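Visitor: Please see the structure below; I have some questions.
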Number of protein chains: 4
Amino acid sequence: MKKTIVIASFISLLMAFTLPQQKQRIVFFGDSITQAGAKPGGYIMVLGDLLKQKGVQDQYELIGAGIGGNKAYDLYLRMEEDVLAKNPTTVVIWVGVNDVWHKKTSGTGTDADKFEKFYHAIIKKLQAKNIKVVICTPAAIGERTDFSNELDGDLNKYANIIRQIAQKNNVGLIDLRKTFLEYNLANNPENKDRNILTTDGVHLNEKGNQLVAEQMMKGLIK
Amino acid sequence: MKKTIVIASFISLLMAFTLPQQKQRIVFFGDSITQAGAKPGGYIMVLGDLLKQKGVQDQYELIGAGIGGNKAYDLYLRMEEDVLAKNPTTVVIWVGVNDVWHKKTSGTGTDADKFEKFYHAIIKKLQAKNIKVVICTPAAIGERTDFSNELDGDLNKYANIIRQIAQKNNVGLIDLRKTFLEYNLANNPENKDRNILTTDGVHLNEKGNQLVAEQMMKGLIK
Amino acid sequence: MKKTIVIASFISLLMAFTLPQQKQRIVFFGDSITQAGAKPGGYIMVLGDLLKQKGVQDQYELIGAGIGGNKAYDLYLRMEEDVLAKNPTTVVIWVGVNDVWHKKTSGTGTDADKFEKFYHAIIKKLQAKNIKVVICTPAAIGERTDFSNELDGDLNKYANIIRQIAQKNNVGLIDLRKTFLEYNLANNPENKDRNILTTDGVHLNEKGNQLVAEQMMKGLIK
Amino acid sequence: MKKTIVIASFISLLMAFTLPQQKQRIVFFGDSITQAGAKPGGYIMVLGDLLKQKGVQDQYELIGAGIGGNKAYDLYLRMEEDVLAKNPTTVVIWVGVNDVWHKKTSGTGTDADKFEKFYHAIIKKLQAKNIKVVICTPAAIGERTDFSNELDGDLNKYANIIRQIAQKNNVGLIDLRKTFLEYNLANNPENKDRNILTTDGVHLNEKGNQLVAEQMMKGLIK
């Protein structure tokens with residue numbers, strides 16, 4: 001009897017060192033930026049390349065789950081099918097641009113308190129299944145550096161909310177808004193509203209995809 | 001052995017006729033109108049009185065689950081706690097005013113397609129638990145009868161969506177918008193925007209609570 | 001001396017009967033609908049054809065003064081240059097669609113009370129120069145006949161304001177909203193939102209230009 | 001002949017020193033902030049006190065012309081009656097908060113290009129009458145210093161427009177937005193959204209009226 005236990009323990013120990021680790025399954029959950037991120041040249045693809053360069057590509061599976069126009073509550077509605085069903089070990093949430101933007105374009109943005117409520121509800125459901133959560137601030141609606149992009153005030157407000165959510169829920173934060181502002185302060189001397197990291201102030205150009213992939217690398221991979 | 005079965009069957013038969021039926025638990029799920037509906041003089045209370053007059057009050061339990069400012073997606077977020085946890089046999093959904101109104105007041109209304117998606121998702125979850133669903137059209141934002149209330153066009157559009165949802169999902173419909181328009185055509189000759197069935201164009205006055213209770217009675221009680 | 005007076009009077013009399021009357025100069029003052037109205041196939045051109053058919057084309061000069069995106073206050077700002085400078089005998093004002101529409105598309109529509117103020121100010125300036133004023137209700141934003149076009153309520157409200165302005169100021173009214181609704185009730189059995197009188201719910205198709213020209217003919221030409 | 005010139009010159013010189021100078025008539029043209037500014041404790045009254053302290057109160061007449069809810073185009077509409085009729089030597093224009101704010105609260109803000117057009121038109125009319133023009137940037141909608149007040153982006157944009165208008169038209173600029181930000185950076189360590197210079201993020205408290213009056217003093221009085 002005792003012998004059996006000893007052998008079983010030894011096998012376990014052996015497996016831990018020699019058998020392949022469980023693959024990390026990372027779902028990127030977001031809006032049109034993430035939808036584009038899963039296409040050739042997109043930030044998820046670039047992140048895949050970075051993993052290859054590091055020789056750790058076999059340890060990770062990257063799954064895009066972005067849908068154009070999505071706000072926080074849209075993510076909540078489709079999280080069973082599009083995220084939980086994929087059995088992820090980690091979920092990266094990147095949402096917020098449309099919650100702010102649609103206030104102006106169609107009168108259908110998201111109130112700050114509702115945004116926070118739905119964001120919390122998503123995190124709670126993921127954490128209840130022991131899924132690791134990493135959240136991102138919205139990067140930009142316009143790249144001007146003097147805070148004169150029309151929606152900068154509201155976007156800063158929602159970025160602050162996300163930073164507080166990260167603290168309160170003890171989840172990882174990738175502060176893309178901070179990263180984008182710093183990059184633009186250094187590289188956008190003409191105070192242009194696009195074409196530095198984005199094509200239209202919101203969606204990523206090649207440099208933007210590169211920068212986001214690098215930040216994801218830092219935030220996700222140890 | 002046979003004898004036992006005969007006796008058991010007989011008792012069952014007896015119970016069906018003499019024991020109290022299972023009480024119907026009806027949850028009214030909605031916004032500030034329903035929140036007020038559960039207070040003294042509110043339409044849920046008036047409906048309770050109507051049940052008493054009919055002598056059937058013991059067969060029904062009426063439960064208010066309205067929260068001010070709620071839109072379709074807010075109902076979806078809180079339906080586990082506020083509705084399913086109460087184990088209802090029937091749920092009456094009455095929502096839509098804020099989905100339209102907040103477009104104007106704060107830029108945070110609900111797009112028509114998202115409204116429909118969340119509405120369907122709520123119904124699907126209820127029907128999966130064999131809960132009977134009855135849905136209502138939004139009654140009014142302004143009582144003018146010539147369709148010159150500022151939001152009439154959009155409110156008619158969302159009322160049409162709800163009528164179609166009722167058909168598609170084979171659920172009961174209480175068409176309060178139709179009822180309110182008919183009542184106002186008959187009783188609002190001066191084309192006033194309030195004070196016929198509402199205090200402010202939206203929230204029910206005494207006559208409004210009475211009319212809604214009567215319509216609920218017709219739609220819910222056989 | 002007396003003889004001279006007699007001759008002069010006779011010549012005046014003669015001129016009144018035989019010399020060409022003063023030409024009527026009609027300026028059409030409005031938004032993109034009127035801007036398109038001055039192009040081939042546009043309602044102003046069709047009205048020109050109708051005048052020819054009646055053989056009275058020499059008595060009228062039709063001048064388009066429409067600019068896309070204009071609201072009531074934009075007309076007020078440019079009325080010196082674009083209208084008064086052209087020395088019109090009659091001005092047809094057709095504005096209102098953008099005052100309503102831009103509330104939704106960019107948060108920059110016009111409050112009802114401001115709309116009325118600017119409209120009055122335009123009329124007052126024209127009447128101070130003895131220019132005849134004729135005003136039109138906005139025709140449509142969407143052609144559905146059950147008042148379920150999203151902006152129907154607000155558009156009906158602004159149409160009512162214009163009808164009241166016509167009465168108060170004793171100016172001619174061409175009630176295009178009424179005309180369009182009646183035409184659609186008779187010719188839009190499928191409750192379509194476009195392609196009956198418009199290409200997109202707002203801008204006129206061939207039939208729409210024809211109908212508007214006919215209404216202008218009735219409202220302007222005796 | 002020479003003698004005559006000498007005497008005339010002497011009289012001119014004499015008049016300059018002994019005859020009363022023409023009083024400066026300064027009209028403050030704006031919205032609710034300026035409307036309150038003309039009331040006891042308001043910035044115009046405080047400016048009057050500052051003039052007294054300097055002993056130059058007889059050289060200036062200060063006239064309030066603020067109306068609540070006014071946007072750039074409202075100023076244009078009422079400038080004949082409320083400004084030109086008062087025969088001012090200087091007009092201080094302070095407008096912009098509602099042009100931004102009303103986008104959110106009622107969908108009736110002012111597009112940036114229209115804002116600029118009306119602003120230019122006002123200045124042009126004043127300059128045509130040789131009236132000195134001084135213009136101000138909108139101070140604040142919320143006093144947070146990290147640009148997370150909801151409308152900061154748009155307000156910064158409109159402040160930039162006004163700065164450019166000042167340059168292009170060679171008129172004086174009182175940059176209240178800059179002043180308010182600097183003051184808050186020094187005196188609002190808790191990043192509060194009100195109660196530093198305003199009561200509600202927009203309208204001036206005692207300290208705000210004092211600060212504006214001082215800035216007006218610097219910008220207007222030599």
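Lettering and numbering for the structure tokens are positional, with chains as A, B, ... in the shown order, residues counted from 1 in each chain, and ligands counted from 1 in the shown order.
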Excluding Thr198 (chain A) and any residue of its chain fewer than 5 positions from it, enumerate the residues within 12 Å of it, using only C-alpha atoms, and give them as a count of residues only.
Guide: 23
Visitor: What are the residues of chain D that have an atom within 6 Å of an atom of chain C, counting only C-alpha atoms, as a PyMOL selection string?
Guide: chain D and resi 103+107-110
Visitor: Could you save the residues just selected, with all heavy atoms, as a PDB file, in the first residue's frame?
Guide:
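To be explicit, this is the file written out as again.pdb:
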ATOM      1  N   LYS D 103     -24.288  69.622 -26.369  1.00  0.00           N
ATOM      2  CA  LYS D 103     -24.173  68.391 -27.173  1.00  0.00           C
ATOM      3  C   LYS D 103     -24.599  67.202 -26.341  1.00  0.00           C
ATOM      4  O   LYS D 103     -25.282  66.304 -26.813  1.00  0.00           O
ATOM      5  CB  LYS D 103     -22.724  68.189 -27.624  1.00  0.00           C
ATOM      6  CG  LYS D 103     -22.230  69.186 -28.649  1.00  0.00           C
ATOM      7  CD  LYS D 103     -20.831  68.806 -29.131  1.00  0.00           C
ATOM      8  CE  LYS D 103     -20.216  69.935 -29.952  1.00  0.00           C
ATOM      9  NZ  LYS D 103     -18.841  69.620 -30.364  1.00  0.00           N
ATOM     10  N   GLY D 107     -28.424  67.421 -27.065  1.00  0.00           N
ATOM     11  CA  GLY D 107     -28.196  67.185 -28.493  1.00  0.00           C
ATOM     12  C   GLY D 107     -28.230  68.459 -29.315  1.00  0.00           C
ATOM     13  O   GLY D 107     -28.446  68.428 -30.522  1.00  0.00           O
ATOM     14  N   THR D 108     -28.025  69.603 -28.643  1.00  0.00           N
ATOM     15  CA  THR D 108     -28.133  70.867 -29.370  1.00  0.00           C
ATOM     16  C   THR D 108     -26.930  71.781 -29.135  1.00  0.00           C
ATOM     17  O   THR D 108     -27.076  72.998 -28.986  1.00  0.00           O
ATOM     18  CB  THR D 108     -29.433  71.613 -28.979  1.00  0.00           C
ATOM     19  OG1 THR D 108     -29.439  71.781 -27.562  1.00  0.00           O
ATOM     20  CG2 THR D 108     -30.662  70.849 -29.399  1.00  0.00           C
ATOM     21  N   GLY D 109     -25.736  71.177 -29.107  1.00  0.00           N
ATOM     22  CA  GLY D 109     -24.523  71.978 -29.098  1.00  0.00           C
ATOM     23  C   GLY D 109     -24.239  72.577 -30.465  1.00  0.00           C
ATOM     24  O   GLY D 109     -25.087  72.518 -31.361  1.00  0.00           O
ATOM     25  N   THR D 110     -23.053  73.134 -30.619  1.00  0.00           N
ATOM     26  CA  THR D 110     -22.684  73.797 -31.870  1.00  0.00           C
ATOM     27  C   THR D 110     -21.493  73.085 -32.510  1.00  0.00           C
ATOM     28  O   THR D 110     -20.474  72.872 -31.841  1.00  0.00           O
ATOM     29  CB  THR D 110     -22.297  75.261 -31.593  1.00  0.00           C
ATOM     30  OG1 THR D 110     -23.273  75.854 -30.755  1.00  0.00           O
ATOM     31  CG2 THR D 110     -22.189  76.063 -32.901  1.00  0.00           C
TER      32      THR D 110
END
Visitor: Running DSSP on the backbone, which parts of region 125-158 of chain D land in strand (DSSP E or B), as a list in words?
Guide: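 In region 125-158 of chain D, DSSP puts these residues in strand (DSSP E or B): Lys132, Val133, Val134, Ile135 and Cys136 of chain D.
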Visitor: Those residues you just picked out, can you put them in a file as an mmCIF file, in the first residue's frame with N, CA and C atoms?
Guide:
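Below you can see again-v4.cif, which holds the result:
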data_model
loop_
_atom_site.group_PDB
_atom_site.id
_atom_site.type_symbol
_atom_site.label_atom_id
_atom_site.label_comp_id
_atom_site.auth_asym_id
_atom_site.auth_seq_id
_atom_site.Cartn_x
_atom_site.Cartn_y
_atom_site.Cartn_z
ATOM 1 N N LYS D 132 -13.607 97.975 -30.101
ATOM 2 C CA LYS D 132 -12.523 97.087 -29.690
ATOM 3 C C LYS D 132 -13.118 95.763 -29.200
ATOM 4 N N VAL D 133 -12.492 94.669 -29.621
ATOM 5 C CA VAL D 133 -12.998 93.353 -29.242
ATOM 6 C C VAL D 133 -11.957 92.623 -28.395
ATOM 7 N N VAL D 134 -12.411 92.040 -27.313
ATOM 8 C CA VAL D 134 -11.557 91.177 -26.480
ATOM 9 C C VAL D 134 -12.322 89.875 -26.285
ATOM 10 N N ILE D 135 -11.664 88.745 -26.499
ATOM 11 C CA ILE D 135 -12.390 87.478 -26.386
ATOM 12 C C ILE D 135 -11.745 86.571 -25.335
ATOM 13 N N CYS D 136 -12.577 85.684 -24.784
ATOM 14 C CA CYS D 136 -12.139 84.832 -23.667
ATOM 15 C C CYS D 136 -12.349 83.359 -24.013
#
Visitor: One decimal, in Å: what's the spacing between CA of Pro88 (chain A) and CA of Ile131 (chain A)?
Guide: 6.8 Å
Visitor: With a distance cut-off of 10 Å and only C-alpha atoms, select the neighbouring residues of Met79 (chain B), excluding the residue or stretch itself and same-chain residues fewer than 6 positions from it, and output the selection as a PyMOL selection string.
Guide: chain B and resi 29+65+73+85-86+122+125-126
Visitor: Limited to N, CA and C atoms, could you put the picked residues into a file as a CSV table (one decimal), in the first residue's frame?
Guide:
chain,number,residue,atom,x,y,z
B,29,PHE,N,-41.2,43.0,-14.0
B,29,PHE,CA,-39.7,43.2,-14.2
B,29,PHE,C,-39.6,44.5,-15.1
B,65,ALA,N,-40.4,44.1,-9.4
B,65,ALA,CA,-38.9,44.1,-9.6
B,65,ALA,C,-38.5,45.2,-10.6
B,73,TYR,N,-30.7,46.0,-21.2
B,73,TYR,CA,-29.5,45.3,-20.7
B,73,TYR,C,-29.4,45.3,-19.2
B,85,ALA,N,-34.2,34.1,-8.9
B,85,ALA,CA,-34.1,33.7,-7.5
B,85,ALA,C,-35.4,33.7,-6.8
B,86,LYS,N,-36.4,34.4,-7.4
B,86,LYS,CA,-37.7,34.4,-6.7
B,86,LYS,C,-38.6,33.3,-7.2
B,122,ILE,N,-33.2,37.6,-22.5
B,122,ILE,CA,-33.9,37.5,-21.3
B,122,ILE,C,-35.0,36.5,-21.4
B,125,LYS,N,-33.7,32.9,-21.5
B,125,LYS,CA,-33.3,32.3,-20.1
B,125,LYS,C,-34.6,32.0,-19.3
B,126,LEU,N,-35.6,32.8,-19.4
B,126,LEU,CA,-36.9,32.5,-18.7
B,126,LEU,C,-37.5,31.3,-19.2
